[in-house]
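Have a look at the structure below, then the notes.
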Amino acid sequence: MQLQQVRYVLEAARLLNFTQAAKRCGVSQPALTKAVRALEDELGGPLFHRDPTMVLSELGRRMLPLLQETFAAAEAVHRQADSYRKREVAPLAIGVCPTIQLARLSPHLAEVQRALPGLELRVEQAAEPDLQAGLQAGTLDLAIAAISPDDQDIPDGLHRLGIGREGFRALCPPDHPWSNQDRVAAAAAAAASDRIQLCAVFEAALPDPVPARHRAASPAAAAAMVE
C-alpha cells in the first residue's frame with residue numbers, strides 16, 4: 001500500500017468522481033484509476049461500485065475510516081519531521097525519580113518554555129537505575145535523581161551535577177515514639193522493624209541498615225501506608 005494510493009481513494013470517495021479526483025490530485029485519470037485498482041487488488045475487493053453511478057462498496061465503507069486515519073497519521077509524521085528540521089520543535093525528555101515532586105520543576109520548565117516556544121516536553125518518573133538506562137539509550141535527555149554523595153558509580157558517558165541536598169522526614173502515626181521528636185537519628189531509623197523504604201538513597205545512608213518491611217514509590221504512598 002502506497003500513500004498516494006490512499007490519497008487517491010480518499011479524494012475519489014469524497015468526490016465520487018474519478019475525473020475530478022484525478023484533477024484534484026494533479027494526475028491523469030488513467031493513472032489514478034490504475035492506482036486505485038492496484039490497491040483494490042491488494043485489499044481483495046472493490047472499494048467502489050462504478051455502475052450505474054459511482055458509490056462506495058461495502059468494503060470501501062469499512063476501509064474508509066482506516067484509510068483516513070492512515071493518511072492523517074502520515075501527514076502528521078511529515079509535518080513533525082519538517083518542523084524538527086526547521087527547528088520549530090524542540091523535544092526535551094526529562095526523567096525524575098519518584099521522591100522528587102514534579103511541582104518543584106514547574107517554574108524552571110516555564111523558563112525553558114519561554115526560551116523555546118516550540119518546546120515539546122515529555123516528563124516521566126522512574127527509579128534511578130531506569131533513569132540511567134534511559135540516558136544511556138538516548139530516550140532521556142536529562143534525569144533528576146536522588147543519589148548519595150558517596151555514590152561514585154556513574155556509568156561511562158554520563159555526567160553528574162549536584163543541584164542541592166534533599167532531607168528525609170520520618171513519617172509516623174501520632175502515637176508513635178518518634179512523633180514528639182524534632183529529629184530521628186539514622187541509627188534509630190535503622191533499628192526500626194516496621195520501616196517503610198521510600199528510596200534507595202536513604203537505605204544507603206543508614207549505618208547498619210536492615211531490610212525494610214514495607215516499600216513505597218512516593219512520599220504520598222508512604223504517608224498512606226503510615227495511616
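If you're wondering about the labels, chains in the C-alpha cells are A, B, ... by order shown, residues count from 1 in each chain, ligands from 1 in order shown.
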
Write out as a tab-separated table (two decimals) with C-alpha atoms, in the first residue's frame which residues come within 9 Å of Glu42 of chain A when counting only C-alpha atoms, dropping same-chain ones fewer than 4 positions away.
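As written to disk, around04.tsv reads:
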chain	number	residue	atom	x	y	z
A	1	MET	CA	0.00	0.00	0.00
A	37	ARG	CA	-7.38	-0.74	-8.80
A	38	ALA	CA	-3.95	-1.83	-7.59

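For segment 60-69 of chain A, the list of residues within 9 Å, based on only C-alpha atoms and with local chain neighbours fewer than 6 positions off taken out, reads A:Val6, A:Arg7, A:Val9, A:Leu10, A:Ala13, A:Gly45, A:Pro46, A:Leu47, A:Phe48.
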
Name the residues in contact with segment 88-99 of chain A at a cut-off of 12 Å, using only C-alpha atoms, excluding same-chain residues fewer than 5 positions from it; report them as number ranges by chain. A: 79-83, 104-105, 109, 112-113, 115-135, 138-147, 166-169, 197-202, 216-222

Using DSSP on the backbone coordinates, identify all residues within segment 88-125 of chain A classified as alpha helix (DSSP H); present the result as a PDB file with all heavy atoms, in the first residue's frame.
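And here is the file that came out, result-v3.pdb:
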ATOM      1  N   SER A 106       8.073  22.969  37.949  1.00  0.00           N
ATOM      2  CA  SER A 106       7.221  23.824  37.110  1.00  0.00           C
ATOM      3  C   SER A 106       7.830  25.189  36.796  1.00  0.00           C
ATOM      4  O   SER A 106       7.851  25.613  35.636  1.00  0.00           O
ATOM      5  CB  SER A 106       5.851  23.993  37.770  1.00  0.00           C
ATOM      6  OG  SER A 106       5.211  22.752  37.894  1.00  0.00           O
ATOM      7  N   PRO A 107       8.345  25.949  37.798  1.00  0.00           N
ATOM      8  CA  PRO A 107       8.904  27.273  37.466  1.00  0.00           C
ATOM      9  C   PRO A 107      10.080  27.192  36.492  1.00  0.00           C
ATOM     10  O   PRO A 107      10.219  28.043  35.612  1.00  0.00           O
ATOM     11  CB  PRO A 107       9.347  27.828  38.826  1.00  0.00           C
ATOM     12  CG  PRO A 107       8.578  27.032  39.830  1.00  0.00           C
ATOM     13  CD  PRO A 107       8.413  25.674  39.243  1.00  0.00           C
ATOM     14  N   HIS A 108      10.899  26.161  36.646  1.00  0.00           N
ATOM     15  CA  HIS A 108      12.066  26.034  35.773  1.00  0.00           C
ATOM     16  C   HIS A 108      11.650  25.631  34.357  1.00  0.00           C
ATOM     17  O   HIS A 108      12.210  26.117  33.372  1.00  0.00           O
ATOM     18  CB  HIS A 108      13.026  25.001  36.362  1.00  0.00           C
ATOM     19  CG  HIS A 108      13.368  25.267  37.795  1.00  0.00           C
ATOM     20  ND1 HIS A 108      14.133  26.344  38.203  1.00  0.00           N
ATOM     21  CD2 HIS A 108      13.026  24.603  38.935  1.00  0.00           C
ATOM     22  CE1 HIS A 108      14.261  26.324  39.519  1.00  0.00           C
ATOM     23  NE2 HIS A 108      13.591  25.283  39.981  1.00  0.00           N
ATOM     24  N   LEU A 109      10.659  24.758  34.256  1.00  0.00           N
ATOM     25  CA  LEU A 109      10.175  24.378  32.936  1.00  0.00           C
ATOM     26  C   LEU A 109       9.499  25.555  32.244  1.00  0.00           C
ATOM     27  O   LEU A 109       9.541  25.674  31.014  1.00  0.00           O
ATOM     28  CB  LEU A 109       9.199  23.202  33.054  1.00  0.00           C
ATOM     29  CG  LEU A 109       9.810  21.895  33.563  1.00  0.00           C
ATOM     30  CD1 LEU A 109       8.736  20.827  33.700  1.00  0.00           C
ATOM     31  CD2 LEU A 109      10.917  21.417  32.642  1.00  0.00           C
ATOM     32  N   ALA A 110       8.875  26.422  33.024  1.00  0.00           N
ATOM     33  CA  ALA A 110       8.267  27.620  32.441  1.00  0.00           C
ATOM     34  C   ALA A 110       9.336  28.523  31.821  1.00  0.00           C
ATOM     35  O   ALA A 110       9.126  29.129  30.762  1.00  0.00           O
ATOM     36  CB  ALA A 110       7.482  28.379  33.500  1.00  0.00           C
ATOM     37  N   GLU A 111      10.496  28.624  32.475  1.00  0.00           N
ATOM     38  CA  GLU A 111      11.602  29.416  31.927  1.00  0.00           C
ATOM     39  C   GLU A 111      12.085  28.820  30.610  1.00  0.00           C
ATOM     40  O   GLU A 111      12.360  29.534  29.646  1.00  0.00           O
ATOM     41  CB  GLU A 111      12.754  29.485  32.936  1.00  0.00           C
ATOM     42  CG  GLU A 111      12.470  30.341  34.160  1.00  0.00           C
ATOM     43  CD  GLU A 111      12.333  31.816  33.798  1.00  0.00           C
ATOM     44  OE1 GLU A 111      13.008  32.252  32.842  1.00  0.00           O
ATOM     45  OE2 GLU A 111      11.550  32.512  34.453  1.00  0.00           O
ATOM     46  N   VAL A 112      12.192  27.498  30.576  1.00  0.00           N
ATOM     47  CA  VAL A 112      12.612  26.830  29.338  1.00  0.00           C
ATOM     48  C   VAL A 112      11.582  27.066  28.237  1.00  0.00           C
ATOM     49  O   VAL A 112      11.929  27.292  27.075  1.00  0.00           O
ATOM     50  CB  VAL A 112      12.815  25.322  29.591  1.00  0.00           C
ATOM     51  CG1 VAL A 112      13.168  24.604  28.292  1.00  0.00           C
ATOM     52  CG2 VAL A 112      13.912  25.108  30.624  1.00  0.00           C
ATOM     53  N   GLN A 113      10.307  27.014  28.601  1.00  0.00           N
ATOM     54  CA  GLN A 113       9.243  27.234  27.624  1.00  0.00           C
ATOM     55  C   GLN A 113       9.328  28.630  27.010  1.00  0.00           C
ATOM     56  O   GLN A 113       9.116  28.815  25.806  1.00  0.00           O
ATOM     57  CB  GLN A 113       7.879  27.040  28.280  1.00  0.00           C
ATOM     58  CG  GLN A 113       6.684  27.324  27.371  1.00  0.00           C
ATOM     59  CD  GLN A 113       6.537  26.274  26.299  1.00  0.00           C
ATOM     60  OE1 GLN A 113       6.373  25.107  26.600  1.00  0.00           O
ATOM     61  NE2 GLN A 113       6.587  26.660  25.042  1.00  0.00           N
ATOM     62  N   ARG A 114       9.663  29.616  27.837  1.00  0.00           N
ATOM     63  CA  ARG A 114       9.789  30.980  27.306  1.00  0.00           C
ATOM     64  C   ARG A 114      10.981  31.095  26.356  1.00  0.00           C
ATOM     65  O   ARG A 114      10.932  31.829  25.380  1.00  0.00           O
ATOM     66  CB  ARG A 114       9.913  31.972  28.462  1.00  0.00           C
ATOM     67  CG  ARG A 114       8.584  32.301  29.136  1.00  0.00           C
ATOM     68  CD  ARG A 114       8.726  33.455  30.118  1.00  0.00           C
ATOM     69  NE  ARG A 114       9.321  33.012  31.369  1.00  0.00           N
ATOM     70  CZ  ARG A 114       8.617  32.571  32.391  1.00  0.00           C
ATOM     71  NH1 ARG A 114       7.298  32.481  32.299  1.00  0.00           N
ATOM     72  NH2 ARG A 114       9.201  32.183  33.516  1.00  0.00           N
ATOM     73  N   ALA A 115      12.050  30.358  26.670  1.00  0.00           N
ATOM     74  CA  ALA A 115      13.227  30.410  25.803  1.00  0.00           C
ATOM     75  C   ALA A 115      13.036  29.594  24.529  1.00  0.00           C
ATOM     76  O   ALA A 115      13.606  29.925  23.486  1.00  0.00           O
ATOM     77  CB  ALA A 115      14.458  29.904  26.560  1.00  0.00           C
TER      78      ALA A 115
END

Best match for closeness to Asp175 of chain A among A:Leu15, A:Ala21, A:Val226, A:Ala137, counting only C-alpha atoms: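 Of A:Leu15, A:Ala21, A:Val226, A:Ala137, the one nearest Asp175 of chain A, counting only C-alpha atoms, is A:Val226.
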
Residues of segment 40-200 of chain A in strand (DSSP E) according to DSSP, as a VMD selection string? chain A and resid 48 to 49 55 to 56 90 to 96 119 to 125 142 to 144 196 to 197

Shell of 9 Å around Cys25 of chain A, only C-alpha atoms, local chain residues under 5 positions omitted, as a compact mmCIF listing (two decimals) with N, CA and C atoms, in the first residue's frame:
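Below is the file around.txt, written as the result:
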# COMPACT_ATOMS: atom_id res chain seq x y z
N ARG A 7 -4.37 8.47 -0.83
CA ARG A 7 -4.87 9.81 -1.13
C ARG A 7 -5.85 9.77 -2.29
N TYR A 8 -5.53 8.99 -3.32
CA TYR A 8 -6.42 8.90 -4.47
C TYR A 8 -7.79 8.33 -4.06
N GLU A 11 -9.81 10.98 -2.09
CA GLU A 11 -10.38 12.02 -2.96
C GLU A 11 -11.52 11.46 -3.79
N GLN A 20 -12.71 14.13 -11.52
CA GLN A 20 -12.49 15.26 -10.61
C GLN A 20 -11.43 14.93 -9.56
N LEU A 32 -4.76 7.59 -11.90
CA LEU A 32 -5.49 7.46 -10.64
C LEU A 32 -6.27 6.15 -10.62

Check the smallest atom-to-atom distance from each of A:Ala74, A:Asn17, A:Lys34, A:Ala185 to Arg50 of chain A using only C-alpha atoms, then report the winner.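 Comparing A:Ala74, A:Asn17, A:Lys34, A:Ala185 against Arg50 of chain A, the winner is A:Asn17.
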
Which residue is closest to Ser193 of chain A? Choose from A:His176, A:Arg213, A:Arg24, A:Arg165 and count only C-alpha atoms. A:Arg213

Of the listed residues A:Ile100, A:Ile196, A:Leu3, A:Met225, that which approaches Ala72 of chain A most closely, counting only C-alpha atoms: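 Closest to Ala72 of chain A, using only C-alpha atoms: A:Leu3.
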
Return the single residue from A:Ala186, A:Ala73, A:Val36, A:Leu16 that is closest to Asp51 of chain A, with distances computed using only C-alpha atoms.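 Closest residue, counting only C-alpha atoms: A:Leu16.
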
Interatomic distance between atom CA of Val27 of chain A and atom CA of Gln5 of chain A?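 Here the two named atoms are 11.8 Å from each other.
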
Gap from atom CA of Asp41 of chain A to atom CA of Val77 of chain A - Å, one decimal: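 Result for atom CA of Asp41 of chain A versus atom CA of Val77 of chain A: 27.0 Å, one decimal.
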
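Straight-line separation from atom CA of Val210 of chain A to atom CA of Ala190 of chain A: 6.2 Å.
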